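Undergrad: Take this structure first; my questions come after.
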Amino acid sequence: MFDNGHGDRLSAIDASFLQLESASAHMHVAWSAILSAPEDGVIPSIDAIRARVTARLAWVPRCRQRLLPAALGLGEPRWVDDPDFDVAQHIVQIGDGDDALDPARFAAMRDTLLSTPLDRSRPLWQLAFIPRLSDGGMAVIGRVHHAMADGAAALQVAMLTLDIDDAADAAPAPWRAAPGPSPLQRALDPFVHGAEMTTRVARDVARACEHPRTAARGALRDVGRIAQALAEDLLPSAPGSQLNGTLGPRRTLVQHRVSLDQLGAITRGAAPTRNDAGLAAVAGALRALALERGVPAAPLKALVPVNMRRAHEYGSLGNRVSMTSVWLPLDLTTPGARLEHVHRQTARFKRSERSEGTQTVLSGLGLLPNPLRAPVIRAVAPGRFNLTISSVPGPRTALYMHGARLEEIYPVIPMAEDQTLSIGILAYNGHLHFGLFSDPDALPQATRLAELIDDELRALLRARRPRPPLPVVAPASAGPLGTYENRSAVLSATGPGGHT
């Protein structure tokens, strides 16, 4: 259960997503959920959905809070209760329950919604309910601003409508918005924030003086972590790529899923993980896309967020993330080599402390004065990564909404100003769900990625499948390969080119 959080100040990392947002780079994480038809055949009304969400808003108080900017922009915004909160502005219905949307119309509606930024004058989330699809199912499109939640935390907002079974509706708890700060409090807030930071620094210095050896060891360790993160993740520029260019405001989402059994067949008995196989499949698909366009298949630098939540922090909103980089080996010509290259990188990262170093650097943004932070972020961020690939933790059990089973859920990851593609990956219901999110004007070829990912996974499966033993060929006198018939048998058993 959450604390109320009224008056909480955004962390430097949370605030950075506000500063990175622009008219073309919308900083909301999102999801596209597909549900079966309810077992009783009764489609829930929008009023019933709103009533259930209202009864649960006490679980996530931030959903009734909006941003209050700091006076003169000299500090971070604070979360404050919205006295004008109206659940009808955040739970909306698109389409008529009597009008079933075919796949093309649903995709157009979904893409329009995902191309629209959230209104910062209200709480930064929205759930859009689509009551009927042409296959008889339903859909929910959810959006949460990245300043409010990262991909893992956004599931808390999704659970306002979802259950592990068909739960009964509860009566909403009484709620009244807490009063906001007075004009004097707002005017003094930047100075209070500065005093808090000074006190915190003084406390850390005093603690270091009490235990100088421990402090010195910790400082050296931090320096090592930061140096490694800077050298391997933050400072190296990404190579030029078809994926980078001027980002427009329009978005399109390609939904694609693959069976976890298929991935298990690729990784079974081997060191690579399912995530490694997913990354390798993306690398192979992007390689094929480059070759189709006549572009050199050069390595790409992907930003991969890392969940840094401790056990007691699960269930909290905000961002508890760091990041690493993974080089996608588009230059390697075989699926097996690409998978092994990806696995070596992820295994090495898990043994390192680069994520802690990156987290320290990102947290250090809070030491910069607020007016300077946005220019620094905008100056440093471009050109560091070609795309973002985020593996989002999915629900571990089947979920339902008003008796309808959640069948598919596709994560949507925001793109930075200079990126035209992001990829979210989420495991649920026996499948790995790929949310392929792109700018359709800058990268229209992205719609091909789903098919190319399937091609790469099939190639990986063939590469990892044990080959049958070679047939025993009786010696013959017609040369080193025996008779013509025996030679043909050997070549057909080894495959094209004679490779085993």
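Each chain in the structure tokens gets a letter, A, B, ..., in the order shown, and its residues are numbered from 1; ligands are numbered from 1 in order too.
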Using only C-alpha atoms, determine which residues lie at most 10 Å from Ala290 of chain A, disregarding the query and same-chain residues fewer than 3 positions distant; provide the list as an MDAnalysis selection string.
TA: chainID A and resid 241:243 284:287 293:298 330 445
Undergrad: Could you save those same residues with all heavy atoms as a short mmCIF file (atom, residue, chain, number, x, y, z; two decimals), in the first residue's frame?
TA:
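Writing the result to result_5.cif gives the following:
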```
data_model
loop_
_atom_site.label_atom_id
_atom_site.label_comp_id
_atom_site.auth_asym_id
_atom_site.auth_seq_id
_atom_site.Cartn_x
_atom_site.Cartn_y
_atom_site.Cartn_z
N SER A 241 22.87 5.89 -38.10
CA SER A 241 21.97 4.78 -38.40
C SER A 241 20.69 5.30 -39.05
O SER A 241 20.29 6.46 -38.86
CB SER A 241 21.62 4.03 -37.11
OG SER A 241 20.52 3.17 -37.30
N GLN A 242 20.03 4.40 -39.78
CA GLN A 242 18.72 4.68 -40.34
C GLN A 242 17.68 4.93 -39.25
O GLN A 242 16.61 5.49 -39.51
CB GLN A 242 18.27 3.48 -41.17
CG GLN A 242 18.20 2.19 -40.36
CD GLN A 242 17.70 1.01 -41.16
OE1 GLN A 242 16.99 1.19 -42.14
NE2 GLN A 242 18.07 -0.20 -40.76
N LEU A 243 17.99 4.51 -38.01
CA LEU A 243 17.02 4.64 -36.92
C LEU A 243 17.04 6.02 -36.28
O LEU A 243 16.20 6.30 -35.42
CB LEU A 243 17.31 3.60 -35.83
CG LEU A 243 17.33 2.13 -36.27
CD1 LEU A 243 17.54 1.23 -35.06
CD2 LEU A 243 16.05 1.76 -36.99
N GLY A 284 18.87 -9.47 -35.45
CA GLY A 284 18.74 -10.10 -36.76
C GLY A 284 17.71 -9.41 -37.62
O GLY A 284 17.90 -9.25 -38.83
N ALA A 285 16.60 -8.98 -37.01
CA ALA A 285 15.55 -8.29 -37.77
C ALA A 285 16.05 -6.95 -38.29
O ALA A 285 15.79 -6.57 -39.44
CB ALA A 285 14.32 -8.12 -36.89
N LEU A 286 16.77 -6.21 -37.45
CA LEU A 286 17.29 -4.91 -37.88
C LEU A 286 18.38 -5.08 -38.94
O LEU A 286 18.51 -4.25 -39.84
CB LEU A 286 17.83 -4.14 -36.68
CG LEU A 286 16.77 -3.65 -35.69
CD1 LEU A 286 17.43 -3.03 -34.46
CD2 LEU A 286 15.85 -2.63 -36.35
N ARG A 287 19.14 -6.16 -38.86
CA ARG A 287 20.14 -6.44 -39.90
C ARG A 287 19.42 -6.68 -41.25
O ARG A 287 19.81 -6.10 -42.27
CB ARG A 287 20.96 -7.68 -39.52
CG ARG A 287 21.85 -8.20 -40.67
CD ARG A 287 22.57 -9.50 -40.29
NE ARG A 287 23.14 -10.13 -41.46
CZ ARG A 287 24.31 -9.80 -42.00
NH1 ARG A 287 25.03 -8.84 -41.46
NH2 ARG A 287 24.75 -10.42 -43.07
N ARG A 293 17.20 -2.32 -47.33
CA ARG A 293 17.26 -0.92 -47.76
C ARG A 293 18.60 -0.59 -48.44
O ARG A 293 18.81 0.56 -48.84
CB ARG A 293 17.08 0.01 -46.56
CG ARG A 293 15.73 -0.12 -45.87
CD ARG A 293 15.58 0.92 -44.79
NE ARG A 293 15.57 2.27 -45.35
CZ ARG A 293 15.72 3.39 -44.62
NH1 ARG A 293 15.92 3.30 -43.32
NH2 ARG A 293 15.70 4.57 -45.19
N GLY A 294 19.47 -1.56 -48.53
CA GLY A 294 20.77 -1.30 -49.12
C GLY A 294 21.70 -0.50 -48.24
O GLY A 294 22.61 0.18 -48.71
N VAL A 295 21.47 -0.58 -46.93
CA VAL A 295 22.28 0.15 -45.95
C VAL A 295 23.26 -0.83 -45.30
O VAL A 295 22.89 -1.98 -45.02
CB VAL A 295 21.38 0.79 -44.88
CG1 VAL A 295 22.20 1.47 -43.80
CG2 VAL A 295 20.42 1.77 -45.51
N PRO A 296 24.51 -0.44 -45.04
CA PRO A 296 25.45 -1.35 -44.37
C PRO A 296 24.90 -1.83 -43.03
O PRO A 296 24.36 -1.05 -42.25
CB PRO A 296 26.71 -0.49 -44.19
CG PRO A 296 26.61 0.57 -45.23
CD PRO A 296 25.15 0.85 -45.39
N ALA A 297 25.04 -3.12 -42.78
CA ALA A 297 24.56 -3.71 -41.53
C ALA A 297 25.64 -3.53 -40.46
O ALA A 297 26.41 -4.43 -40.16
CB ALA A 297 24.23 -5.18 -41.73
N ALA A 298 25.68 -2.34 -39.89
CA ALA A 298 26.69 -2.00 -38.88
C ALA A 298 26.09 -2.17 -37.48
O ALA A 298 24.87 -2.09 -37.30
CB ALA A 298 27.16 -0.56 -39.07
N LEU A 330 24.71 -6.30 -35.73
CA LEU A 330 24.15 -6.44 -37.07
C LEU A 330 25.20 -6.87 -38.09
O LEU A 330 24.85 -7.38 -39.16
CB LEU A 330 23.52 -5.12 -37.53
CG LEU A 330 22.08 -4.84 -37.10
CD1 LEU A 330 21.96 -4.72 -35.59
CD2 LEU A 330 21.55 -3.58 -37.77
N GLN A 445 9.47 1.55 -42.65
CA GLN A 445 9.84 0.14 -42.78
C GLN A 445 9.70 -0.63 -41.46
O GLN A 445 9.80 -1.86 -41.43
CB GLN A 445 11.30 0.01 -43.25
CG GLN A 445 11.59 0.66 -44.59
CD GLN A 445 11.86 2.15 -44.45
OE1 GLN A 445 11.88 2.69 -43.34
NE2 GLN A 445 12.09 2.82 -45.56
#
```
Undergrad: Which of segment 238-487 of chain A end up as helix (DSSP H, G or I) when DSSP is run on this backbone - answer as a VMD selection string?
TA: chain A and resid 260 to 267 274 to 292 311 to 313 335 to 351 354 to 367 370 to 380 444 to 464 484 to 487
Undergrad: What's the 12 Å shell around Ala88 of chain A, counting only C-alpha atoms, without same-chain residues fewer than 6 positions away, as a list of chain:residue names?
TA: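 Surrounding residues, per the criterion: A:Ile46, A:Asp47, A:Ala48, A:Ile49, A:Arg50, A:Ala51, A:Val53, A:Thr54, A:Trp125, A:Gln126, A:Leu127, A:Ala128, A:Phe129.
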Undergrad: Restrict the selected residues to all heavy atoms and save them as an mmCIF file, in the first residue's frame.
TA:
```cif
data_model
loop_
_atom_site.group_PDB
_atom_site.id
_atom_site.type_symbol
_atom_site.label_atom_id
_atom_site.label_comp_id
_atom_site.auth_asym_id
_atom_site.auth_seq_id
_atom_site.Cartn_x
_atom_site.Cartn_y
_atom_site.Cartn_z
ATOM 1 N N ILE A 46 -18.852 1.644 -19.192
ATOM 2 C CA ILE A 46 -17.797 2.562 -18.784
ATOM 3 C C ILE A 46 -18.039 3.033 -17.356
ATOM 4 O O ILE A 46 -17.098 3.266 -16.592
ATOM 5 C CB ILE A 46 -17.702 3.749 -19.772
ATOM 6 C CG1 ILE A 46 -16.456 4.588 -19.488
ATOM 7 C CG2 ILE A 46 -18.954 4.594 -19.726
ATOM 8 C CD1 ILE A 46 -15.144 3.870 -19.722
ATOM 9 N N ASP A 47 -19.293 3.137 -16.951
ATOM 10 C CA ASP A 47 -19.597 3.539 -15.568
ATOM 11 C C ASP A 47 -19.140 2.475 -14.580
ATOM 12 O O ASP A 47 -18.640 2.800 -13.497
ATOM 13 C CB ASP A 47 -21.100 3.797 -15.411
ATOM 14 C CG ASP A 47 -21.549 5.065 -16.127
ATOM 15 O OD1 ASP A 47 -20.697 5.952 -16.344
ATOM 16 O OD2 ASP A 47 -22.743 5.165 -16.472
ATOM 17 N N ALA A 48 -19.304 1.190 -14.933
ATOM 18 C CA ALA A 48 -18.857 0.115 -14.049
ATOM 19 C C ALA A 48 -17.339 0.118 -13.913
ATOM 20 O O ALA A 48 -16.796 -0.106 -12.821
ATOM 21 C CB ALA A 48 -19.351 -1.227 -14.571
ATOM 22 N N ILE A 49 -16.644 0.367 -15.025
ATOM 23 C CA ILE A 49 -15.183 0.426 -14.971
ATOM 24 C C ILE A 49 -14.727 1.606 -14.127
ATOM 25 O O ILE A 49 -13.820 1.490 -13.290
ATOM 26 C CB ILE A 49 -14.602 0.496 -16.396
ATOM 27 C CG1 ILE A 49 -14.933 -0.790 -17.164
ATOM 28 C CG2 ILE A 49 -13.095 0.718 -16.353
ATOM 29 C CD1 ILE A 49 -14.546 -0.741 -18.628
ATOM 30 N N ARG A 50 -15.356 2.750 -14.311
ATOM 31 C CA ARG A 50 -14.995 3.927 -13.510
ATOM 32 C C ARG A 50 -15.264 3.691 -12.029
ATOM 33 O O ARG A 50 -14.466 4.106 -11.172
ATOM 34 C CB ARG A 50 -15.772 5.137 -14.006
ATOM 35 C CG ARG A 50 -15.288 5.677 -15.339
ATOM 36 C CD ARG A 50 -16.248 6.721 -15.908
ATOM 37 N NE ARG A 50 -15.773 7.245 -17.183
ATOM 38 C CZ ARG A 50 -16.525 7.930 -18.042
ATOM 39 N NH1 ARG A 50 -17.815 8.172 -17.743
ATOM 40 N NH2 ARG A 50 -16.021 8.379 -19.172
ATOM 41 N N ALA A 51 -16.362 3.020 -11.718
ATOM 42 C CA ALA A 51 -16.681 2.760 -10.313
ATOM 43 C C ALA A 51 -15.628 1.863 -9.673
ATOM 44 O O ALA A 51 -15.210 2.095 -8.532
ATOM 45 C CB ALA A 51 -18.068 2.119 -10.209
ATOM 46 N N VAL A 53 -12.463 1.489 -10.632
ATOM 47 C CA VAL A 53 -11.223 2.251 -10.501
ATOM 48 C C VAL A 53 -11.313 3.225 -9.329
ATOM 49 O O VAL A 53 -10.375 3.353 -8.525
ATOM 50 C CB VAL A 53 -10.908 2.994 -11.816
ATOM 51 C CG1 VAL A 53 -9.770 3.991 -11.611
ATOM 52 C CG2 VAL A 53 -10.546 2.003 -12.918
ATOM 53 N N THR A 54 -12.434 3.907 -9.195
ATOM 54 C CA THR A 54 -12.604 4.864 -8.102
ATOM 55 C C THR A 54 -12.450 4.179 -6.751
ATOM 56 O O THR A 54 -11.838 4.733 -5.828
ATOM 57 C CB THR A 54 -13.988 5.539 -8.202
ATOM 58 O OG1 THR A 54 -14.080 6.230 -9.446
ATOM 59 C CG2 THR A 54 -14.191 6.536 -7.067
ATOM 60 N N TRP A 125 -2.107 10.385 -16.259
ATOM 61 C CA TRP A 125 -2.412 9.024 -16.695
ATOM 62 C C TRP A 125 -3.783 9.003 -17.343
ATOM 63 O O TRP A 125 -4.609 9.888 -17.131
ATOM 64 C CB TRP A 125 -2.377 8.047 -15.524
ATOM 65 C CG TRP A 125 -3.456 8.317 -14.494
ATOM 66 C CD1 TRP A 125 -3.438 9.292 -13.538
ATOM 67 C CD2 TRP A 125 -4.710 7.637 -14.354
ATOM 68 N NE1 TRP A 125 -4.599 9.265 -12.798
ATOM 69 C CE2 TRP A 125 -5.396 8.256 -13.271
ATOM 70 C CE3 TRP A 125 -5.314 6.576 -15.020
ATOM 71 C CZ2 TRP A 125 -6.655 7.827 -12.846
ATOM 72 C CZ3 TRP A 125 -6.576 6.143 -14.602
ATOM 73 C CH2 TRP A 125 -7.232 6.767 -13.522
ATOM 74 N N GLN A 126 -4.032 7.961 -18.147
ATOM 75 C CA GLN A 126 -5.333 7.768 -18.764
ATOM 76 C C GLN A 126 -5.464 6.325 -19.229
ATOM 77 O O GLN A 126 -4.498 5.706 -19.683
ATOM 78 C CB GLN A 126 -5.517 8.696 -19.967
ATOM 79 C CG GLN A 126 -6.920 8.661 -20.564
ATOM 80 C CD GLN A 126 -7.056 9.558 -21.774
ATOM 81 O OE1 GLN A 126 -6.438 9.310 -22.806
ATOM 82 N NE2 GLN A 126 -7.863 10.621 -21.661
ATOM 83 N N LEU A 127 -6.686 5.772 -19.074
ATOM 84 C CA LEU A 127 -7.018 4.445 -19.582
ATOM 85 C C LEU A 127 -8.168 4.597 -20.568
ATOM 86 O O LEU A 127 -9.205 5.180 -20.226
ATOM 87 C CB LEU A 127 -7.423 3.499 -18.446
ATOM 88 C CG LEU A 127 -6.395 3.268 -17.337
ATOM 89 C CD1 LEU A 127 -6.989 2.384 -16.244
ATOM 90 C CD2 LEU A 127 -5.135 2.631 -17.900
ATOM 91 N N ALA A 128 -7.985 4.105 -21.778
ATOM 92 C CA ALA A 128 -9.016 4.179 -22.813
ATOM 93 C C ALA A 128 -9.570 2.774 -23.056
ATOM 94 O O ALA A 128 -8.813 1.848 -23.372
ATOM 95 C CB ALA A 128 -8.444 4.755 -24.102
ATOM 96 N N PHE A 129 -10.873 2.624 -22.920
ATOM 97 C CA PHE A 129 -11.554 1.329 -23.042
ATOM 98 C C PHE A 129 -12.207 1.220 -24.408
ATOM 99 O O PHE A 129 -12.953 2.110 -24.828
ATOM 100 C CB PHE A 129 -12.594 1.205 -21.928
ATOM 101 C CG PHE A 129 -13.479 -0.015 -22.020
ATOM 102 C CD1 PHE A 129 -12.922 -1.281 -22.117
ATOM 103 C CD2 PHE A 129 -14.866 0.110 -22.000
ATOM 104 C CE1 PHE A 129 -13.738 -2.405 -22.205
ATOM 105 C CE2 PHE A 129 -15.685 -1.005 -22.086
ATOM 106 C CZ PHE A 129 -15.120 -2.269 -22.182
#
```
Undergrad: In Å, with one decimal, what is the gap from atom CA of Asn319 of chain A to atom CA of Ala147 of chain A?
TA: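 Atom CA of Asn319 of chain A sits 7.4 Å away from atom CA of Ala147 of chain A.
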Undergrad: Using only C-alpha atoms, tabulate the residues of segment 313-334 of chain A lying at most 9 Å from any atom of segment 7-28 of chain A, each with its closest atom pair and that distance in Å to one decimal, by chain and increasing residue number, as CSV.
TA:
```
residue,atom,partner,partner_atom,distance
A:Gly318,CA,A:Asp14,CA,6.5
A:Asn319,CA,A:Asp14,CA,6.1
A:Arg320,CA,A:Ile13,CA,8.6
A:Val321,CA,A:Ile13,CA,8.7
```
Undergrad: For each of A:Thr334, A:Ser237, A:Gln345, A:Ser438, take the minimum atom-to-atom distance to Leu300 of chain A, counting only C-alpha atoms, then give the residue where this is smallest.
TA: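 Smallest separation from Leu300 of chain A among the options: A:Ser237.
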Undergrad: Find the residues around segment 392-394 of chain A up to 9 Å (only C-alpha atoms counted), leave out those fewer than 5 positions away in its own chain, and share them as a JSON list (two decimals) with N, CA, C and O atoms, in the first residue's frame.
TA:
```json
[["chain", "number", "residue", "atom", "x", "y", "z"],
["A", 151, "GLY", "N", 8.45, 1.64, -16.51],
["A", 151, "GLY", "CA", 7.68, 0.54, -17.07],
["A", 151, "GLY", "C", 7.20, -0.45, -16.03],
["A", 151, "GLY", "O", 6.07, -0.95, -16.09],
["A", 152, "ALA", "N", 8.06, -0.74, -15.04],
["A", 152, "ALA", "CA", 7.67, -1.70, -13.99],
["A", 152, "ALA", "C", 6.57, -1.12, -13.11],
["A", 152, "ALA", "O", 5.62, -1.82, -12.74],
["A", 155, "LEU", "N", 2.59, -0.88, -14.11],
["A", 155, "LEU", "CA", 1.68, -1.99, -13.88],
["A", 155, "LEU", "C", 0.74, -1.70, -12.71],
["A", 155, "LEU", "O", -0.38, -2.20, -12.66],
["A", 307, "ASN", "N", 16.02, -2.27, -14.05],
["A", 307, "ASN", "CA", 15.19, -2.06, -12.86],
["A", 307, "ASN", "C", 16.07, -2.16, -11.61],
["A", 307, "ASN", "O", 16.69, -3.18, -11.36],
["A", 409, "ILE", "N", -0.69, -8.36, -23.87],
["A", 409, "ILE", "CA", -0.37, -7.02, -23.38],
["A", 409, "ILE", "C", 0.98, -6.60, -23.95],
["A", 409, "ILE", "O", 1.99, -7.28, -23.75],
["A", 411, "PRO", "N", 3.92, -3.69, -24.34],
["A", 411, "PRO", "CA", 4.46, -2.47, -23.73],
["A", 411, "PRO", "C", 4.84, -1.44, -24.79],
["A", 411, "PRO", "O", 5.24, -1.79, -25.90],
["A", 424, "GLY", "N", 9.57, -2.48, -26.71],
["A", 424, "GLY", "CA", 9.28, -3.02, -25.39],
["A", 424, "GLY", "C", 9.05, -4.52, -25.50],
["A", 424, "GLY", "O", 8.46, -5.00, -26.48],
["A", 425, "ILE", "N", 9.50, -5.26, -24.49],
["A", 425, "ILE", "CA", 9.36, -6.73, -24.49],
["A", 425, "ILE", "C", 8.79, -7.13, -23.14],
["A", 425, "ILE", "O", 9.32, -6.76, -22.10],
["A", 426, "LEU", "N", 7.71, -7.91, -23.14],
["A", 426, "LEU", "CA", 7.05, -8.30, -21.90],
["A", 426, "LEU", "C", 6.58, -9.74, -22.03],
["A", 426, "LEU", "O", 5.96, -10.13, -23.03],
["A", 427, "ALA", "N", 6.85, -10.55, -21.00],
["A", 427, "ALA", "CA", 6.42, -11.95, -20.97],
["A", 427, "ALA", "C", 5.11, -12.07, -20.21],
["A", 427, "ALA", "O", 5.00, -11.59, -19.08],
["A", 428, "TYR", "N", 4.12, -12.72, -20.84],
["A", 428, "TYR", "CA", 2.84, -12.96, -20.18],
["A", 428, "TYR", "C", 2.08, -14.03, -20.95],
["A", 428, "TYR", "O", 2.15, -14.09, -22.19]]
```
